[in-house]
file entry_12.cif (mmCIF, C-alpha atoms)
data_run
#
loop_
_atom_site.label_atom_id
_atom_site.label_comp_id
_atom_site.auth_asym_id
_atom_site.auth_seq_id
_atom_site.Cartn_x
_atom_site.Cartn_y
_atom_site.Cartn_z
CA MET Z 1 0.00 0.00 0.00
CA GLN Z 2 1.30 3.38 -0.99
CA ASP Z 3 -1.32 5.31 0.92
CA SER Z 4 0.98 8.00 2.23
CA ARG Z 5 0.65 9.49 -1.24
CA ILE Z 6 -3.16 9.20 -1.41
CA SER Z 7 -4.80 12.62 -1.62
CA GLU Z 8 -7.71 13.79 0.51
CA ALA Z 9 -9.99 13.82 -2.52
CA VAL Z 10 -9.24 10.16 -3.30
CA ILE Z 11 -9.72 9.19 0.36
CA SER Z 12 -13.10 10.88 0.41
CA ARG Z 13 -14.20 8.73 -2.56
CA LEU Z 14 -12.95 5.41 -1.11
CA PRO Z 15 -16.08 4.84 1.06
CA LYS Z 16 -18.17 5.14 -2.08
CA TYR Z 17 -16.04 2.52 -3.86
CA TYR Z 18 -16.29 0.34 -0.78
CA ARG Z 19 -20.09 0.55 -0.76
CA TYR Z 20 -20.29 -0.12 -4.48
CA LEU Z 21 -17.98 -3.15 -4.32
CA SER Z 22 -19.92 -4.52 -1.33
CA GLU Z 23 -23.07 -4.41 -3.42
CA LEU Z 24 -21.35 -6.20 -6.31
CA GLU Z 25 -20.08 -8.83 -3.91
CA ALA Z 26 -23.58 -9.34 -2.51
CA LYS Z 27 -24.71 -10.03 -6.10
CA GLU Z 28 -21.78 -12.45 -6.46
CA THR Z 29 -20.22 -10.36 -9.22
CA GLN Z 30 -16.56 -11.34 -9.47
CA ARG Z 31 -15.08 -8.68 -11.69
CA VAL Z 32 -15.93 -5.20 -12.90
CA SER Z 33 -14.50 -2.81 -15.47
CA SER Z 34 -13.83 0.86 -14.86
CA SER Z 35 -16.40 1.73 -17.53
CA LYS Z 36 -19.10 -0.32 -15.77
CA MET Z 37 -18.10 1.34 -12.48
CA SER Z 38 -18.27 4.70 -14.20
CA ALA Z 39 -21.79 4.09 -15.49
CA ASP Z 40 -23.04 2.76 -12.15
CA MET Z 41 -21.34 5.29 -9.89
CA GLY Z 42 -21.59 8.43 -11.99
CA LEU Z 43 -17.84 9.03 -11.85
CA ASN Z 44 -15.50 9.49 -14.79
CA ALA Z 45 -13.86 6.17 -15.82
CA SER Z 46 -10.36 7.63 -16.08
CA GLN Z 47 -10.75 9.19 -12.64
CA ILE Z 48 -11.73 5.79 -11.27
CA ARG Z 49 -8.62 4.24 -12.81
CA ARG Z 50 -6.44 7.04 -11.43
CA ASP Z 51 -8.04 6.72 -7.97
CA LEU Z 52 -7.53 2.98 -7.80
CA ASN Z 53 -4.02 3.23 -9.20
CA CYS Z 54 -3.08 5.29 -6.14
CA PHE Z 55 -2.79 2.16 -4.07
CA GLY Z 56 -1.35 -0.27 -6.51
CA GLY Z 57 -4.28 -0.74 -8.90
CA PHE Z 58 -5.41 -4.27 -9.59
CA GLY Z 59 -7.11 -3.59 -12.91
CA GLN Z 60 -6.10 -5.62 -15.93
CA GLN Z 61 -6.66 -4.56 -19.52
CA GLY Z 62 -9.68 -6.41 -20.89
CA TYR Z 63 -10.47 -8.01 -17.57
CA GLY Z 64 -11.14 -5.15 -15.18
CA TYR Z 65 -10.90 -5.34 -11.42
CA GLN Z 66 -11.31 -8.37 -9.25
CA VAL Z 67 -14.15 -7.32 -6.92
CA GLU Z 68 -13.16 -9.22 -3.80
CA ASN Z 69 -9.47 -8.19 -3.93
CA LEU Z 70 -10.22 -4.57 -4.63
CA LYS Z 71 -12.78 -4.39 -1.84
CA SER Z 72 -10.47 -5.98 0.68
CA GLU Z 73 -7.64 -3.63 -0.32
CA ILE Z 74 -9.93 -0.60 0.15
CA MET Z 75 -11.08 -1.99 3.51
CA LYS Z 76 -7.46 -2.29 4.61
CA ILE Z 77 -6.75 1.28 3.58
CA LEU Z 78 -9.82 2.64 5.32
CA GLY Z 79 -9.16 0.56 8.41
CA ILE Z 80 -12.57 -1.13 8.15
CA GLY Z 81 -12.69 -4.43 9.98
CA LYS Z 82 -10.09 -3.40 12.54
CA LYS Z 83 -11.82 -3.40 15.89
CA TYR Z 84 -12.77 -0.03 17.29
CA THR Z 85 -14.41 0.46 20.65
CA ALA Z 86 -16.43 3.63 20.90
CA VAL Z 87 -18.46 5.55 23.42
CA VAL Z 88 -21.31 7.88 22.53
CA VAL Z 89 -21.49 11.04 24.64
CA GLY Z 90 -24.93 12.65 24.55
CA ALA Z 91 -28.08 10.54 24.60
CA GLY Z 92 -30.28 12.97 22.68
CA ASN Z 93 -31.97 12.11 19.40
CA ILE Z 94 -28.89 11.80 17.21
CA GLY Z 95 -26.93 10.00 19.93
CA GLN Z 96 -29.66 7.44 20.39
CA ALA Z 97 -30.09 7.01 16.65
CA LEU Z 98 -26.39 6.32 16.13
CA PHE Z 99 -26.22 4.07 19.16
CA LYS Z 100 -29.09 1.93 17.87
CA TYR Z 101 -27.72 1.74 14.34
CA LYS Z 102 -26.62 -1.85 13.83
CA ASN Z 103 -24.53 -1.46 10.68
CA PHE Z 104 -21.59 0.09 12.55
CA ALA Z 105 -20.99 -3.07 14.60
CA GLU Z 106 -20.96 -5.14 11.40
CA GLU Z 107 -18.13 -2.99 10.05
CA GLY Z 108 -16.07 -3.40 13.22
CA TYR Z 109 -17.09 -0.25 15.12
CA HIS Z 110 -18.45 -1.34 18.47
CA LEU Z 111 -20.49 1.36 20.19
CA ALA Z 112 -20.01 0.06 23.71
CA ALA Z 113 -21.81 2.59 25.88
CA ILE Z 114 -23.78 5.82 25.80
CA PHE Z 115 -23.47 8.59 28.37
CA ASP Z 116 -25.41 11.69 29.31
CA ALA Z 117 -25.02 14.47 31.85
CA ASP Z 118 -28.76 14.91 32.23
CA GLN Z 119 -30.01 12.93 35.22
CA SER Z 120 -33.47 12.58 33.66
CA VAL Z 121 -32.19 10.59 30.65
CA VAL Z 122 -29.65 8.55 32.60
CA GLU Z 123 -30.89 5.05 33.30
CA ASN Z 124 -33.20 5.15 30.29
CA GLU Z 125 -33.07 1.89 28.43
CA ILE Z 126 -32.01 2.14 24.77
CA GLU Z 127 -32.25 -1.21 23.02
CA GLY Z 128 -31.54 -2.99 26.27
CA VAL Z 129 -28.57 -0.78 27.13
CA THR Z 130 -28.69 1.72 29.94
CA VAL Z 131 -27.68 5.36 29.49
CA ARG Z 132 -24.79 5.89 31.90
CA PRO Z 133 -24.11 9.03 33.92
CA ILE Z 134 -21.26 11.13 32.53
CA GLU Z 135 -19.39 10.65 35.81
CA GLU Z 136 -18.70 7.05 34.77
CA LEU Z 137 -17.09 8.06 31.46
CA GLU Z 138 -13.51 8.07 32.71
CA ASP Z 139 -13.67 4.62 34.31
CA PHE Z 140 -15.42 3.14 31.32
CA VAL Z 141 -13.02 4.53 28.71
CA VAL Z 142 -9.97 3.40 30.63
CA SER Z 143 -11.18 -0.09 31.55
CA ASN Z 144 -12.59 -0.88 28.10
CA ASN Z 145 -9.73 0.45 25.97
CA VAL Z 146 -12.06 2.80 24.18
CA ASN Z 147 -10.26 4.34 21.18
CA LEU Z 148 -13.08 6.29 19.52
CA GLY Z 149 -15.40 8.95 20.92
CA VAL Z 150 -18.70 9.92 19.32
CA ILE Z 151 -19.95 13.34 20.42
CA THR Z 152 -23.68 13.97 20.14
CA ALA Z 153 -23.98 16.47 22.97
CA PRO Z 154 -25.14 20.09 22.69
CA LYS Z 155 -22.81 22.45 20.83
CA GLN Z 156 -21.64 24.32 23.93
CA HIS Z 157 -20.28 21.15 25.59
CA ALA Z 158 -18.70 19.54 22.53
CA GLN Z 159 -15.13 20.87 22.84
CA ARG Z 160 -14.94 20.16 26.58
CA ILE Z 161 -16.09 16.58 25.98
CA ALA Z 162 -13.57 16.19 23.17
CA ASP Z 163 -10.79 17.45 25.46
CA GLU Z 164 -11.78 14.97 28.14
CA LEU Z 165 -11.93 12.05 25.71
CA VAL Z 166 -8.49 12.93 24.33
CA LEU Z 167 -7.10 13.16 27.85
CA LEU Z 168 -8.49 9.67 28.50
CA GLY Z 169 -6.56 8.34 25.50
CA VAL Z 170 -9.14 8.23 22.72
CA LYS Z 171 -7.49 8.38 19.25
CA GLY Z 172 -10.45 9.51 17.15
CA ILE Z 173 -13.38 11.88 17.62
CA TRP Z 174 -16.51 11.61 15.50
CA ASN Z 175 -18.36 14.81 16.28
CA PHE Z 176 -22.01 15.51 15.44
CA ALA Z 177 -22.43 18.67 17.52
CA PRO Z 178 -22.89 21.58 15.09
CA VAL Z 179 -19.48 23.08 15.83
CA ASP Z 180 -15.97 22.13 14.69
CA VAL Z 181 -14.11 20.57 17.59
CA VAL Z 182 -10.32 20.36 17.49
CA ALA Z 183 -7.84 17.98 19.06
CA ARG Z 184 -4.13 17.91 19.58
CA ARG Z 185 -1.81 16.37 17.01
CA GLY Z 186 -2.08 12.61 16.96
CA VAL Z 187 -5.83 12.55 17.53
CA CYS Z 188 -8.11 12.50 14.49
CA VAL Z 189 -11.34 14.43 14.27
CA GLU Z 190 -14.23 14.20 11.82
CA ASN Z 191 -16.79 16.95 12.29
CA VAL Z 192 -20.08 15.91 10.70
CA HIS Z 193 -22.46 18.71 9.73
CA LEU Z 194 -25.75 17.21 8.63
CA SER Z 195 -27.01 20.55 7.32
CA ASP Z 196 -24.14 20.82 4.84
CA SER Z 197 -25.63 18.23 2.51
CA LEU Z 198 -29.03 19.91 2.88
CA PHE Z 199 -27.48 23.22 1.77
CA VAL Z 200 -25.83 21.54 -1.22
CA LEU Z 201 -29.19 19.98 -2.07
CA SER Z 202 -30.97 23.31 -1.95
CA TYR Z 203 -28.21 24.84 -4.09
CA ARG Z 204 -28.90 22.22 -6.74
CA MET Z 205 -32.67 22.72 -6.46
CA ARG Z 206 -32.25 26.45 -6.88
CA THR Z 207 -29.98 26.15 -9.93
CA ILE Z 208 -32.33 23.67 -11.60
CA GLU Z 209 -35.31 25.99 -11.10
CA GLU Z 210 -33.42 28.79 -12.78
CA VAL Z 211 -32.41 26.82 -15.87
CA MET E 1 -23.91 35.69 -9.44
CA GLN E 2 -21.88 33.62 -11.85
CA ASP E 3 -22.70 30.32 -10.19
CA SER E 4 -23.19 28.35 -13.40
CA ARG E 5 -19.39 28.22 -13.44
CA ILE E 6 -18.98 27.18 -9.80
CA SER E 7 -17.40 23.74 -9.52
CA GLU E 8 -18.67 20.91 -7.36
CA ALA E 9 -15.62 21.20 -5.12
CA VAL E 10 -16.29 24.87 -4.42
CA ILE E 11 -19.99 24.19 -3.79
CA SER E 12 -19.10 21.51 -1.26
CA ARG E 13 -17.00 24.07 0.66
CA LEU E 14 -19.66 26.81 0.68
CA PRO E 15 -21.59 25.39 3.69
CA LYS E 16 -18.35 25.56 5.66
CA TYR E 17 -17.83 29.21 4.71
CA TYR E 18 -21.46 29.87 5.61
CA ARG E 19 -21.04 28.33 9.07
CA TYR E 20 -17.80 30.20 9.67
CA LEU E 21 -19.25 33.57 8.62
CA SER E 22 -22.35 32.95 10.78
CA GLU E 23 -20.07 32.51 13.77
CA LEU E 24 -18.19 35.73 12.95
CA GLU E 25 -21.48 37.55 12.63
CA ALA E 26 -22.63 36.22 16.01
CA LYS E 27 -19.45 37.74 17.45
CA GLU E 28 -20.26 40.99 15.63
CA THR E 29 -17.09 40.78 13.55
CA GLN E 30 -17.57 43.02 10.52
CA ARG E 31 -14.71 42.07 8.28
CA VAL E 32 -12.26 39.24 7.84
CA SER E 33 -9.14 38.65 5.76
CA SER E 34 -8.46 35.51 3.77
CA SER E 35 -5.40 34.84 5.95
CA LYS E 36 -7.51 35.00 9.14
CA MET E 37 -10.08 32.69 7.46
CA SER E 38 -7.25 30.39 6.45
CA ALA E 39 -5.92 30.14 10.02
CA ASP E 40 -9.39 29.60 11.52
CA MET E 41 -10.74 27.19 8.90
CA GLY E 42 -7.62 25.20 8.08
CA LEU E 43 -7.92 25.97 4.37
CA ASN E 44 -5.24 27.47 2.15
CA ALA E 45 -5.64 31.29 1.89
CA SER E 46 -5.21 31.36 -1.88
CA GLN E 47 -7.82 28.62 -2.26
CA ILE E 48 -10.21 30.69 -0.14
CA ARG E 49 -9.62 33.71 -2.42
CA ARG E 50 -10.13 31.57 -5.53
CA ASP E 51 -13.30 30.00 -4.09
CA LEU E 52 -14.84 33.31 -3.19
CA ASN E 53 -13.80 34.86 -6.49
CA CYS E 54 -16.00 32.30 -8.24
CA PHE E 55 -19.06 34.32 -7.44
CA GLY E 56 -17.79 37.83 -7.81
CA GLY E 57 -15.46 38.06 -4.80
CA PHE E 58 -15.99 40.93 -2.41
CA GLY E 59 -12.50 40.97 -0.94
CA GLN E 60 -10.53 44.19 -1.00
CA GLN E 61 -6.77 44.41 -0.71
CA GLY E 62 -5.87 45.44 2.83
CA TYR E 63 -9.47 45.31 4.01
CA GLY E 64 -10.59 41.74 3.47
CA TYR E 65 -14.16 40.58 3.15
CA GLN E 66 -17.21 42.25 4.54
CA VAL E 67 -18.72 39.48 6.69
CA GLU E 68 -22.42 40.31 6.33
CA ASN E 69 -22.28 40.78 2.54
CA LEU E 70 -20.25 37.66 1.94
CA LYS E 71 -22.53 35.57 4.13
CA SER E 72 -25.67 36.83 2.45
CA GLU E 73 -24.17 36.17 -0.99
CA ILE E 74 -23.29 32.60 0.00
CA MET E 75 -26.79 32.13 1.43
CA LYS E 76 -28.28 33.27 -1.87
CA ILE E 77 -26.10 30.85 -3.80
CA LEU E 78 -26.93 27.94 -1.52
CA GLY E 79 -30.62 28.82 -1.50
CA ILE E 80 -30.65 29.15 2.30
CA GLY E 81 -33.51 31.27 3.53
CA LYS E 82 -35.78 30.35 0.65
CA LYS E 83 -38.73 28.51 2.11
CA TYR E 84 -38.72 24.75 1.70
CA THR E 85 -41.50 22.49 2.90
CA ALA E 86 -40.38 18.95 3.59
CA VAL E 87 -41.84 15.65 4.67
CA VAL E 88 -39.89 12.96 6.49
CA VAL E 89 -40.69 9.42 5.39
CA GLY E 90 -39.69 6.83 7.98
CA ALA E 91 -40.18 7.50 11.71
CA GLY E 92 -37.31 5.33 12.92
CA ASN E 93 -34.40 6.67 14.95
CA ILE E 94 -32.80 8.86 12.30
CA GLY E 95 -36.16 10.10 11.03
CA GLN E 96 -37.23 11.14 14.49
CA ALA E 97 -33.86 12.75 15.22
CA LEU E 98 -34.01 14.86 12.05
CA PHE E 99 -37.65 15.73 12.60
CA LYS E 100 -36.93 17.00 16.10
CA TYR E 101 -33.85 18.97 15.06
CA LYS E 102 -34.79 22.63 15.39
CA ASN E 103 -31.93 24.23 13.43
CA PHE E 104 -33.40 23.24 10.05
CA ALA E 105 -36.49 25.41 10.56
CA GLU E 106 -34.28 28.36 11.44
CA GLU E 107 -32.52 28.05 8.07
CA GLY E 108 -35.83 27.96 6.18
CA TYR E 109 -36.34 24.20 5.89
CA HIS E 110 -39.71 23.40 7.42
CA LEU E 111 -40.14 19.72 8.23
CA ALA E 112 -43.92 19.69 8.10
CA ALA E 113 -44.85 16.07 8.76
CA ILE E 114 -43.42 12.63 9.40
CA PHE E 115 -44.84 9.41 7.97
CA ASP E 116 -44.40 5.71 8.58
CA ALA E 117 -45.80 2.54 7.08
CA ASP E 118 -45.63 0.67 10.38
CA GLN E 119 -48.99 0.81 12.14
CA SER E 120 -47.31 0.46 15.54
CA VAL E 121 -45.37 3.72 15.23
CA VAL E 122 -48.15 5.67 13.53
CA GLU E 123 -49.95 7.97 15.97
CA ASN E 124 -46.88 8.16 18.19
CA GLU E 125 -46.34 11.69 19.33
CA ILE E 126 -42.95 13.21 18.42
CA GLU E 127 -42.51 16.66 19.95
CA GLY E 128 -46.24 17.23 19.82
CA VAL E 129 -46.55 16.07 16.22
CA THR E 130 -48.25 12.84 15.28
CA VAL E 131 -46.61 10.26 13.01
CA ARG E 132 -48.94 9.94 10.04
CA PRO E 133 -49.77 6.75 8.15
CA ILE E 134 -47.99 6.49 4.80
CA GLU E 135 -51.40 6.35 3.09
CA GLU E 136 -51.80 10.07 3.83
CA LEU E 137 -48.52 11.01 2.10
CA GLU E 138 -50.05 11.82 -1.29
CA ASP E 139 -52.76 14.13 0.07
CA PHE E 140 -50.33 15.88 2.37
CA VAL E 141 -47.64 16.52 -0.24
CA VAL E 142 -50.13 17.86 -2.74
CA SER E 143 -52.13 20.07 -0.36
CA ASN E 144 -49.07 21.52 1.37
CA ASN E 145 -46.91 22.21 -1.68
CA VAL E 146 -44.16 20.02 -0.31
CA ASN E 147 -41.00 20.44 -2.41
CA LEU E 148 -38.49 18.38 -0.45
CA GLY E 149 -38.59 14.76 0.67
CA VAL E 150 -36.42 13.33 3.45
CA ILE E 151 -36.09 9.55 3.29
CA THR E 152 -35.25 7.78 6.54
CA ALA E 153 -36.95 4.47 5.76
CA PRO E 154 -35.26 1.07 5.52
CA LYS E 155 -32.92 0.56 2.57
CA GLN E 156 -35.24 -1.76 0.66
CA HIS E 157 -38.05 0.83 0.49
CA ALA E 158 -35.96 3.90 -0.25
CA GLN E 159 -36.12 3.91 -4.06
CA ARG E 160 -39.86 3.22 -4.13
CA ILE E 161 -40.48 6.10 -1.72
CA ALA E 162 -38.25 8.38 -3.81
CA ASP E 163 -40.21 7.44 -6.94
CA GLU E 164 -43.48 8.22 -5.23
CA LEU E 165 -42.25 11.56 -3.90
CA VAL E 166 -41.01 12.56 -7.36
CA LEU E 167 -44.33 11.57 -8.89
CA LEU E 168 -46.05 13.81 -6.34
CA GLY E 169 -43.95 16.76 -7.51
CA VAL E 170 -41.13 16.94 -4.96
CA LYS E 171 -38.04 18.68 -6.39
CA GLY E 172 -35.39 17.44 -3.97
CA ILE E 173 -34.68 14.19 -2.13
CA TRP E 174 -32.48 14.08 0.96
CA ASN E 175 -31.87 10.40 1.46
CA PHE E 176 -30.48 8.80 4.62
CA ALA E 177 -31.25 5.17 3.75
CA PRO E 178 -27.89 3.41 3.21
CA VAL E 179 -28.38 3.07 -0.53
CA ASP E 180 -28.02 5.57 -3.39
CA VAL E 181 -31.46 6.50 -4.67
CA VAL E 182 -31.82 8.06 -8.12
CA ALA E 183 -34.38 10.41 -9.60
CA ARG E 184 -35.26 11.62 -13.05
CA ARG E 185 -33.65 14.72 -14.53
CA GLY E 186 -34.92 17.87 -12.87
CA VAL E 187 -35.12 16.36 -9.39
CA CYS E 188 -32.08 16.71 -7.13
CA VAL E 189 -30.86 13.98 -4.83
CA GLU E 190 -28.38 14.05 -1.96
CA ASN E 191 -27.57 10.62 -0.61
CA VAL E 192 -26.14 10.90 2.88
CA HIS E 193 -24.00 8.02 4.10
CA LEU E 194 -23.20 8.52 7.76
CA SER E 195 -20.65 5.70 7.74
CA ASP E 196 -18.54 7.42 5.08
CA SER E 197 -17.15 9.95 7.54
CA LEU E 198 -16.55 7.15 10.04
CA PHE E 199 -14.50 5.29 7.42
CA VAL E 200 -12.48 8.42 6.65
CA LEU E 201 -11.91 8.87 10.38
CA SER E 202 -10.65 5.32 10.80
CA TYR E 203 -8.40 5.79 7.77
CA ARG E 204 -6.79 8.77 9.48
CA MET E 205 -6.52 6.88 12.78
CA ARG E 206 -4.82 3.99 11.03
CA THR E 207 -2.33 6.17 9.17
CA ILE E 208 -1.44 8.08 12.35
CA GLU E 209 -0.78 4.84 14.22
CA GLU E 210 1.60 3.73 11.51
CA VAL E 211 3.65 6.91 11.43
#
call {"tool": "encode", "arguments": {"input": "entry_12.cif", "output": "C-alpha cells"}}
result
Amino acid sequence: MQDSRISEAVISRLPKYYRYLSELEAKETQRVSSSKMSADMGLNASQIRRDLNCFGGFGQQGYGYQVENLKSEIMKILGIGKKYTAVVVGAGNIGQALFKYKNFAEEGYHLAAIFDADQSVVENEIEGVTVRPIEELEDFVVSNNVNLGVITAPKQHAQRIADELVLLGVKGIWNFAPVDVVARRGVCVENVHLSDSLFVLSYRMRTIEEV
Amino acid sequence: MQDSRISEAVISRLPKYYRYLSELEAKETQRVSSSKMSADMGLNASQIRRDLNCFGGFGQQGYGYQVENLKSEIMKILGIGKKYTAVVVGAGNIGQALFKYKNFAEEGYHLAAIFDADQSVVENEIEGVTVRPIEELEDFVVSNNVNLGVITAPKQHAQRIADELVLLGVKGIWNFAPVDVVARRGVCVENVHLSDSLFVLSYRMRTIEEV
C-alpha cells in the first residue's frame, strides 16, 4: 500500500467505492470494469482508474478489477474491519439514533456505551442498554480500551467533551455537535455537519429551477 | 452571481464558509481577511480567495471581506432562507432525530410532517406532532406544496419512496437510507452516508498509528 501518497480527494471517494464493491459482492459479481463502475457510480472512468491506481491498482486490460481483492484492499486502507471500541457522549436524538444503528458493529465499530449528563435521561433503556451518567465516562473509557469517541452532545459542551476524551486516551473523535471541535496532534477528528448536505441539495434545487 | 461556473468542489465548501461567517457575525465581527479565514478554517488562503472569487469576490486588498455581505451572498447561492417544505418518510431513529432537530427550521427548511408505514409507530407523538400513516402522504404533499422529501426508511423501500415523492412533484430528495437512490432529470438527490465519515476517520486513525 502506498497510501501515504493518497490525496484527501481520493480518500473521500474510497467509502463510495467500498459501498459499491460490497453491493457487487452481494450479487456475487466477481469482476468489474472501470467503464461499468463509471456508469453505475456516476464518476469518470479515467478518474476511477487514477483513484484505484493510487494504491497499486489491480485492474487488468480487458479483464477489469477483481471485486473481492479490490474491496479488501480498500477496507485495509480505510481501516474497516479493525476493531474499534467507541463511546457515545450525549443521549439525545442523534446519539440514540447512532447508538441503535446496527450497521456500525458489522463494520467493526463497536459502540459500547452511551453517556449523558442529564439525570433525567440517565438510566433510560435504549435497546436494552442503559444510558450511563457522565461521571462514569472516565472509568469506562480506561477499563474498556475505548479508542473512539462519538460526540452527540449540545454544541456548547462539545469541545470540553472532546478534550476529556483525548485526555483519556481516545485516538479519534466523530463529532455531530454543530461546531468544529479540534484535538491535539495525533488525535483524528471528523466533524459531521448534517445541514451541509441539505445546503448543497438546496443549491442544486435552486440552480435547476433557474435553468 | 456567476454560479453556473462554480465547480462541485467549491460548492461543497460553501456550507463551511457559511457556518464560519455565521459565527463571525454572532461575534459581531464586521470584516475578515483571507489569511484569518485560512488560520481559523484550516484551508489554504489562496484557495479561499479563488473559491470566493467564483461568485464575484468581495474581498478588497488590505481590508478583506465584509462578513455580512459575503454571508448573504453565500446564502443566496446555496438557497438558504428560501422557504422549503419537507416531509420525512420513515419514523425510525434517524427520522425522528431529524424531525426533532430545530436548526433546520431556522434556516428555512420546514419539516412539516413525518410518515411511517408501520402501524405500531403511527400515531406516536414526536414533539407534539403525530406520526402519520404512509397512506396520507399523497394528500399531504399535494395540499401543502411540499417540495423536499427526506427519506429515513429502511434501505429496501428507499427507491420506491423516492419514486413516489417525485411523482407527487417533490423537487429534492435528501436520502439517509444506506443506498443511493436516483431520480429523473430535474429532481435533485443528496444521498447521505453517515458511515462514510466514520470510514475516513478510521483511515486517518490507522495512518497516524503507523507513522
call {"tool": "closest_residue", "arguments": {"input": "entry_12.cif", "among": "E:Thr29, E:Ala158, E:Ser202, E:Ser195", "to": "E:Val181", "atoms": "only C-alpha atoms"}}
result
E:Ala158
call {"tool": "resolve_selection", "arguments": {"input": "entry_12.cif", "expression": "the PyMOL selection byres ((chain E) within 8 of (chain Z))", "output": "ChimeraX atom specification"}}
result
/E:4,11-12,15-16,77-80,93-94,96-98,100,104,171-174,186-190,192,195-208
call {"tool": "atom_distance", "arguments": {"input": "entry_12.cif", "atom1": "atom CA of E:Asn145", "atom2": "atom CA of E:Val88"}}
result
14.2 Å
call {"tool": "resolve_selection", "arguments": {"input": "entry_12.cif", "expression": "the PyMOL selection byres ((chain E and resi 115) around 12)", "output": "PyMOL selection string"}}
result
chain E and resi 86-92+95-96+99+111-114+116-126+129-138+140-141+149-153+161
call {"tool": "atom_distance", "arguments": {"input": "entry_12.cif", "atom1": "atom CA of Z:Asp51", "atom2": "atom CA of Z:Ser38"}}
result
12.1 Å
call {"tool": "atom_distance", "arguments": {"input": "entry_12.cif", "atom1": "atom CA of E:Glu28", "atom2": "atom CA of E:Phe55"}}
result
24.0 Å
call {"tool": "residues_near_point", "arguments": {"input": "entry_12.cif", "point": "(-9.5, -8.1, -8.2)", "cutoff": "8 Å", "atoms": "all atoms listed in the file", "output": "list in words"}}
result
Gln30, Arg31, Phe58, Gly59, Gly64, Tyr65, Gln66, Val67, Glu68, Asn69 and Leu70 of chain Z
